[in-house]
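Have a look at entry.cif below; it lists mmCIF, C-alpha atoms.
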data_work
loop_
_atom_site.label_atom_id
_atom_site.label_comp_id
_atom_site.auth_asym_id
_atom_site.auth_seq_id
_atom_site.Cartn_x
_atom_site.Cartn_y
_atom_site.Cartn_z
CA MET A 1 23.07 -14.15 -9.32
CA GLU A 2 21.86 -10.88 -7.86
CA LYS A 3 19.41 -10.09 -5.08
CA ALA A 4 16.63 -7.59 -4.59
CA ILE A 5 14.46 -6.92 -1.53
CA LEU A 6 10.96 -5.62 -2.21
CA ALA A 7 8.00 -4.98 0.07
CA GLY A 8 4.62 -4.74 -1.61
CA GLY A 9 2.23 -5.44 1.23
CA CYS A 10 1.57 -9.05 2.16
CA PHE A 11 4.63 -11.14 1.35
CA TRP A 12 2.43 -14.03 0.19
CA CYS A 13 1.30 -11.83 -2.72
CA THR A 14 4.73 -10.56 -3.63
CA GLU A 15 6.25 -14.04 -3.40
CA ALA A 16 3.56 -15.54 -5.67
CA VAL A 17 4.14 -12.93 -8.36
CA PHE A 18 7.94 -13.08 -8.42
CA GLN A 19 8.07 -16.89 -8.35
CA ARG A 20 6.54 -16.68 -11.82
CA VAL A 21 9.08 -14.27 -13.35
CA LYS A 22 11.67 -15.66 -15.77
CA GLY A 23 15.18 -15.43 -14.37
CA VAL A 24 14.01 -15.49 -10.75
CA GLU A 25 15.69 -18.43 -9.08
CA LYS A 26 14.41 -18.05 -5.53
CA VAL A 27 11.96 -15.93 -3.55
CA ARG A 28 11.98 -15.91 0.26
CA SER A 29 9.35 -14.25 2.41
CA GLY A 30 10.57 -12.36 5.43
CA PHE A 31 11.06 -9.03 7.12
CA CYS A 32 13.28 -6.02 6.43
CA GLY A 33 13.61 -2.43 7.53
CA GLY A 34 13.14 -2.82 11.24
CA HIS A 35 15.16 -2.23 14.37
CA ILE A 36 15.25 -5.56 16.25
CA LYS A 37 17.05 -8.78 15.38
CA ASN A 38 15.19 -11.91 14.27
CA PRO A 39 11.64 -10.65 14.66
CA ALA A 40 8.84 -13.19 14.79
CA TYR A 41 5.71 -12.65 12.69
CA ARG A 42 3.67 -12.05 15.85
CA GLU A 43 6.06 -9.20 16.75
CA VAL A 44 6.09 -7.64 13.30
CA VAL A 45 2.29 -7.44 13.11
CA THR A 46 2.25 -5.36 16.31
CA GLN A 47 3.97 -2.64 14.22
CA ARG A 48 6.52 -2.08 16.99
CA THR A 49 9.56 -3.61 15.26
CA GLY A 50 9.58 -1.28 12.25
CA HIS A 51 9.83 -4.19 9.79
CA ALA A 52 7.95 -4.54 6.53
CA GLU A 53 6.78 -7.84 5.11
CA ALA A 54 9.20 -8.25 2.22
CA VAL A 55 10.63 -10.77 -0.21
CA GLU A 56 14.25 -11.44 -1.00
CA ILE A 57 14.52 -12.25 -4.70
CA THR A 58 17.51 -14.09 -6.14
CA PHE A 59 17.61 -13.47 -9.89
CA ASP A 60 19.77 -13.92 -12.98
CA SER A 61 20.29 -10.42 -14.35
CA SER A 62 21.16 -11.84 -17.77
CA VAL A 63 17.53 -13.02 -17.99
CA VAL A 64 15.62 -10.35 -16.05
CA SER A 65 16.94 -6.93 -15.09
CA PHE A 66 16.38 -5.12 -11.82
CA LYS A 67 14.39 -2.50 -13.76
CA GLU A 68 12.10 -5.23 -15.11
CA LEU A 69 11.59 -6.47 -11.55
CA LEU A 70 10.63 -2.89 -10.62
CA MET A 71 8.16 -2.75 -13.51
CA VAL A 72 6.43 -5.89 -12.24
CA PHE A 73 6.61 -4.71 -8.63
CA PHE A 74 4.97 -1.34 -9.24
CA ALA A 75 2.29 -2.88 -11.47
CA THR A 76 1.25 -5.63 -9.04
CA HIS A 77 0.65 -3.61 -5.88
CA ASP A 78 -0.58 -0.12 -5.04
CA PRO A 79 2.44 2.10 -4.35
CA THR A 80 0.18 5.07 -3.58
CA THR A 81 -1.34 3.87 -0.31
CA LEU A 82 0.62 4.54 2.84
CA ASN A 83 1.00 1.53 5.13
CA ARG A 84 -1.68 -0.56 3.46
CA GLN A 85 -2.54 -2.81 0.57
CA GLY A 86 -6.27 -3.22 0.21
CA HIS A 87 -7.67 -4.53 3.51
CA ASP A 88 -4.17 -5.25 4.87
CA VAL A 89 -3.36 -2.23 7.04
CA GLY A 90 -0.27 -1.40 9.10
CA THR A 91 3.30 -0.20 8.72
CA HIS A 92 4.40 -3.78 8.05
CA TYR A 93 2.33 -3.66 4.82
CA ARG A 94 4.11 -0.57 3.47
CA SER A 95 5.45 -0.34 -0.05
CA ALA A 96 9.25 -0.29 -0.03
CA VAL A 97 12.32 -0.99 -2.11
CA PHE A 98 15.25 -1.90 0.12
CA TYR A 99 18.18 -1.30 -2.19
CA LEU A 100 21.36 -3.34 -1.90
CA ASN A 101 23.62 -0.99 -3.84
CA GLU A 102 23.73 2.47 -5.40
CA SER A 103 22.69 1.12 -8.80
CA GLN A 104 19.44 -0.29 -7.37
CA LYS A 105 18.79 2.97 -5.54
CA GLN A 106 19.26 5.05 -8.71
CA ALA A 107 17.18 2.67 -10.84
CA THR A 108 14.35 2.82 -8.31
CA LEU A 109 14.38 6.61 -7.99
CA GLU A 110 14.49 7.01 -11.78
CA TYR A 111 11.62 4.56 -12.28
CA ILE A 112 9.46 6.30 -9.67
CA GLU A 113 10.24 9.61 -11.39
CA HIS A 114 9.16 8.08 -14.73
CA LEU A 115 5.90 6.73 -13.25
CA THR A 116 5.19 10.11 -11.70
CA ALA A 117 6.00 12.10 -14.86
CA THR A 118 3.83 9.86 -17.02
CA LYS A 119 0.99 9.97 -14.46
CA VAL A 120 0.63 6.19 -14.29
CA PHE A 121 -1.01 6.56 -10.89
CA GLU A 122 -3.70 9.04 -9.95
CA ASN A 123 -2.18 9.59 -6.48
CA PRO A 124 1.45 10.22 -5.47
CA ILE A 125 3.75 7.22 -5.05
CA VAL A 126 4.62 6.71 -1.37
CA THR A 127 7.01 3.78 -1.79
CA ASP A 128 9.86 3.99 0.70
CA VAL A 129 13.28 3.77 -0.97
CA ALA A 130 15.76 2.84 1.74
CA PRO A 131 19.04 0.99 2.17
CA ALA A 132 18.50 -2.66 2.98
CA THR A 133 18.89 -3.66 6.58
CA ALA A 134 19.18 -7.30 7.63
CA PHE A 135 16.62 -9.55 5.94
CA TYR A 136 15.06 -12.08 8.29
CA PRO A 137 13.27 -15.05 6.69
CA ALA A 138 9.74 -15.70 7.93
CA ASP A 139 8.72 -19.04 9.45
CA ALA A 140 8.52 -21.94 6.99
CA ILE A 141 4.70 -21.89 7.11
CA HIS A 142 4.85 -18.75 4.96
CA ASP A 143 7.05 -20.33 2.27
CA ASP A 144 5.28 -21.04 -0.99
CA TYR A 145 2.01 -20.00 0.65
CA TYR A 146 0.01 -19.24 -2.47
CA ASN A 147 1.08 -22.38 -4.30
CA ASN A 148 0.11 -24.51 -1.30
CA ASN A 149 -3.17 -22.72 -0.48
CA ARG A 150 -4.77 -21.64 -3.74
CA GLN A 151 -8.23 -22.69 -2.56
CA GLN A 152 -8.06 -20.29 0.40
CA GLY A 153 -10.22 -17.17 0.02
CA TYR A 154 -7.34 -14.70 0.48
CA CYS A 155 -5.41 -16.42 -2.29
CA GLN A 156 -8.37 -16.37 -4.66
CA TYR A 157 -9.49 -12.80 -4.05
CA VAL A 158 -6.25 -10.98 -3.32
CA ILE A 159 -3.35 -12.93 -4.83
CA ASP A 160 -4.96 -14.41 -7.98
CA PRO A 161 -5.55 -10.97 -9.58
CA LYS A 162 -1.90 -10.00 -9.02
CA VAL A 163 -0.65 -13.23 -10.61
CA LYS A 164 -3.10 -12.79 -13.50
CA LYS A 165 -1.83 -9.24 -14.06
CA LEU A 166 1.73 -10.56 -14.35
CA MET A 167 0.61 -13.24 -16.82
CA THR A 168 -1.31 -10.79 -19.01
CA SER A 169 0.59 -7.50 -18.72
CA PHE A 170 4.09 -8.99 -18.60
CA LYS A 171 3.75 -12.14 -20.75
CA GLU A 172 7.33 -11.79 -21.99
CA LEU A 173 8.65 -11.84 -18.39
CA ALA A 174 6.40 -14.62 -17.10
CA LYS A 175 7.52 -18.22 -16.82
CA ASP A 176 5.43 -20.74 -18.73
CA GLU A 177 2.53 -21.97 -16.62
CA ASP A 178 2.53 -25.62 -15.69
#

Represent the structure from my file as structure tokens, please.
Amino acid sequence: MEKAILAGGCFWCTEAVFQRVKGVEKVRSGFCGGHIKNPAYREVVTQRTGHAEAVEITFDSSVVSFKELLMVFFATHDPTTLNRQGHDVGTHYRSAVFYLNESQKQATLEYIEHLTATKVFENPIVTDVAPATAFYPADAIHDDYYNNNRQQGYCQYVIDPKVKKLMTSFKELAKDED
């Protein structure tokens, strides 16, 4: 098993998408990229800790590659908005790839270069590509949030479209729906 740490805005959104990707064994919501140990959610949202809401993905690279995870990641959030995703605003909502090794760093830089060269996005990609710092899991209330709260407005209006995009644009990578 391999790991990846990705920050695509609200971790509820990113978790919901990657839980549905074949080869992904586990997705944990948490915080990465900051400068204090064991930050609490209430500290992170003040934007003083430097952390981003992120997910730690445990995946089987014989089923899904890191590059395929990047493809899903860049397609299911807006990597062109600095420190925001939709109405979620703040440095903790930044787009980031926290690489765990040189191979992940190179794959990310090459994929961003490809997206830029092929003009996939109208605006420049502002995704931070940085070495992973300690990953701190969020409180248990954030685990499996979308699956446990689908009737909530945020889930319906913000997360549902991201999950639907995975299921339509990346059918071959999506797990069968229950």

Exercise for the section: Carefully work through the PyMOL selection byres ((chain A and resi 22) around 6) for this structure and note down the residues it includes, as a count of residues only. Expected result: 6

I'd like the residues picked by the PyMOL selection byres ((chain A and resi 38) around 12) written out as an mmCIF file with C-alpha atoms, keeping the file's coordinate frame, using the chain letters and numbers from the file.
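out-v9.cif written:
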data_model
loop_
_atom_site.group_PDB
_atom_site.id
_atom_site.type_symbol
_atom_site.label_atom_id
_atom_site.label_comp_id
_atom_site.auth_asym_id
_atom_site.auth_seq_id
_atom_site.Cartn_x
_atom_site.Cartn_y
_atom_site.Cartn_z
ATOM 1 C CA GLY A 30 10.570 -12.360 5.430
ATOM 2 C CA PHE A 31 11.060 -9.030 7.120
ATOM 3 C CA CYS A 32 13.280 -6.020 6.430
ATOM 4 C CA GLY A 33 13.610 -2.430 7.530
ATOM 5 C CA GLY A 34 13.140 -2.820 11.240
ATOM 6 C CA HIS A 35 15.160 -2.230 14.370
ATOM 7 C CA ILE A 36 15.250 -5.560 16.250
ATOM 8 C CA LYS A 37 17.050 -8.780 15.380
ATOM 9 C CA PRO A 39 11.640 -10.650 14.660
ATOM 10 C CA ALA A 40 8.840 -13.190 14.790
ATOM 11 C CA TYR A 41 5.710 -12.650 12.690
ATOM 12 C CA ARG A 42 3.670 -12.050 15.850
ATOM 13 C CA GLU A 43 6.060 -9.200 16.750
ATOM 14 C CA VAL A 44 6.090 -7.640 13.300
ATOM 15 C CA THR A 49 9.560 -3.610 15.260
ATOM 16 C CA HIS A 51 9.830 -4.190 9.790
ATOM 17 C CA THR A 133 18.890 -3.660 6.580
ATOM 18 C CA ALA A 134 19.180 -7.300 7.630
ATOM 19 C CA PHE A 135 16.620 -9.550 5.940
ATOM 20 C CA TYR A 136 15.060 -12.080 8.290
ATOM 21 C CA PRO A 137 13.270 -15.050 6.690
ATOM 22 C CA ALA A 138 9.740 -15.700 7.930
ATOM 23 C CA ASP A 139 8.720 -19.040 9.450
#

Problem - Atom pair atom CA of A:Arg84 / atom CA of A:Cys155: separation (Å) - result: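 Between atom CA of A:Arg84 and atom CA of A:Cys155 the gap works out to 17.3 Å.
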
Practice task
Expand the PyMOL selection byres ((chain A and resi 54) around 8) into the individual residues it matches in the shown file, reporting them as number ranges by chain.
Solution key: A: 5-11, 14, 29-32, 52-53, 55-56

Exercise for the section: Calculate how many Å separate atom CA of A:Lys67 from atom CA of A:Lys164, rounding to one decimal. Expected result: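 That distance, rounded to one decimal, is 20.3 Å.
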
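The protein and nucleic acid residues lying at most 8 Å from A:Tyr111 are Lys67, Leu70, Ala107 and Leu115 of chain A, with only C-alpha atoms considered and sequence neighbours fewer than 4 positions away removed.
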
Take the selection from the previous step and output its residues with C-alpha atoms, as a PDB file, in the coordinates of the input.
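The resulting file, again09.pdb, is reproduced below:
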ATOM      1  CA  LYS A  67      14.390  -2.500 -13.760  1.00  0.00           C
ATOM      2  CA  LEU A  70      10.630  -2.890 -10.620  1.00  0.00           C
ATOM      3  CA  ALA A 107      17.180   2.670 -10.840  1.00  0.00           C
ATOM      4  CA  LEU A 115       5.900   6.730 -13.250  1.00  0.00           C
TER       5      LEU A 115
END

Exercise for the section: Write out as a VMD selection string each polymer residue whose atoms come within 12 Å of stretch 102-105 of chain A, counting all atoms listed in the file; drop sequence neighbours fewer than 5 positions from it. Expected result: chain A and resid 2 to 6 65 to 70 96 to 97 110 to 112 128 to 132

Handout entry: Residue nearest A:Tyr93 - candidates A:Arg20, A:His77, A:Lys26, A:Lys119, atoms counted: all atoms listed in the file
Key =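 Checking each candidate against A:Tyr93, we get A:His77 as the closest.
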
Exercise for the section: Please tell me which residues are no farther than 10 Å from (2.0, -18.7, -0.9) in the file, counting all atoms listed in the file, and write them as an MDAnalysis selection string. Expected result: chainID A and resid 11:17 19 29 141:150 155 159

Exercise for the section: Could you please determine the separation between atom CA of A:Val27 and atom CA of A:Thr46 in Å, to one decimal place? Expected result: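 Going from atom CA of A:Val27 over to atom CA of A:Thr46 covers 24.5 Å.
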
Practice task
Find, counting all atoms listed in the file, the residue in A:Val163, A:Asp78, A:Gln85, A:Phe121 that gets nearest to A:Glu177.
Solution key: A:Val163

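Of the residues under consideration (A:Thr91, A:Gln152, A:Thr76, A:Thr127), A:Thr127 shows the shortest atom-to-atom contact distance to A:Thr108 when counting only C-alpha atoms.
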
Need the axis-aligned box for stretch 130-133 of chain A with 5 Å each side, so what are the centre and edges in Å to one decimal, as AutoDock Vina command-line options?
--center_x 17.4 --center_y -0.4 --center_z 4.2 --size_x 13.3 --size_y 16.5 --size_z 14.8

Exercise for the section: Using all atoms listed in the file, pick whichever of A:Val72, A:Leu82, A:Val120, A:Ile125 has the shortest atom-to-atom distance to A:Lys162. Expected result: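 The answer is A:Val72, which sits nearest to A:Lys162.
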
Practice task
Name the closest residue to A:Val63 among the candidates A:Glu25, A:Thr116, A:Asn101, A:Val126; distances are taken between atoms, counting all atoms listed in the file.
Solution key: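 That would be A:Glu25, the residue with the smallest distance to A:Val63.
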
Exercise for the section: For each of A:Tyr157, A:Leu166, A:Met1, A:Asp176, take the minimum atom-to-atom distance to A:Ala75, counting all atoms listed in the file, then give the residue where this is smallest. Expected result: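 Of A:Tyr157, A:Leu166, A:Met1, A:Asp176, the one nearest A:Ala75, counting all atoms listed in the file, is A:Leu166.
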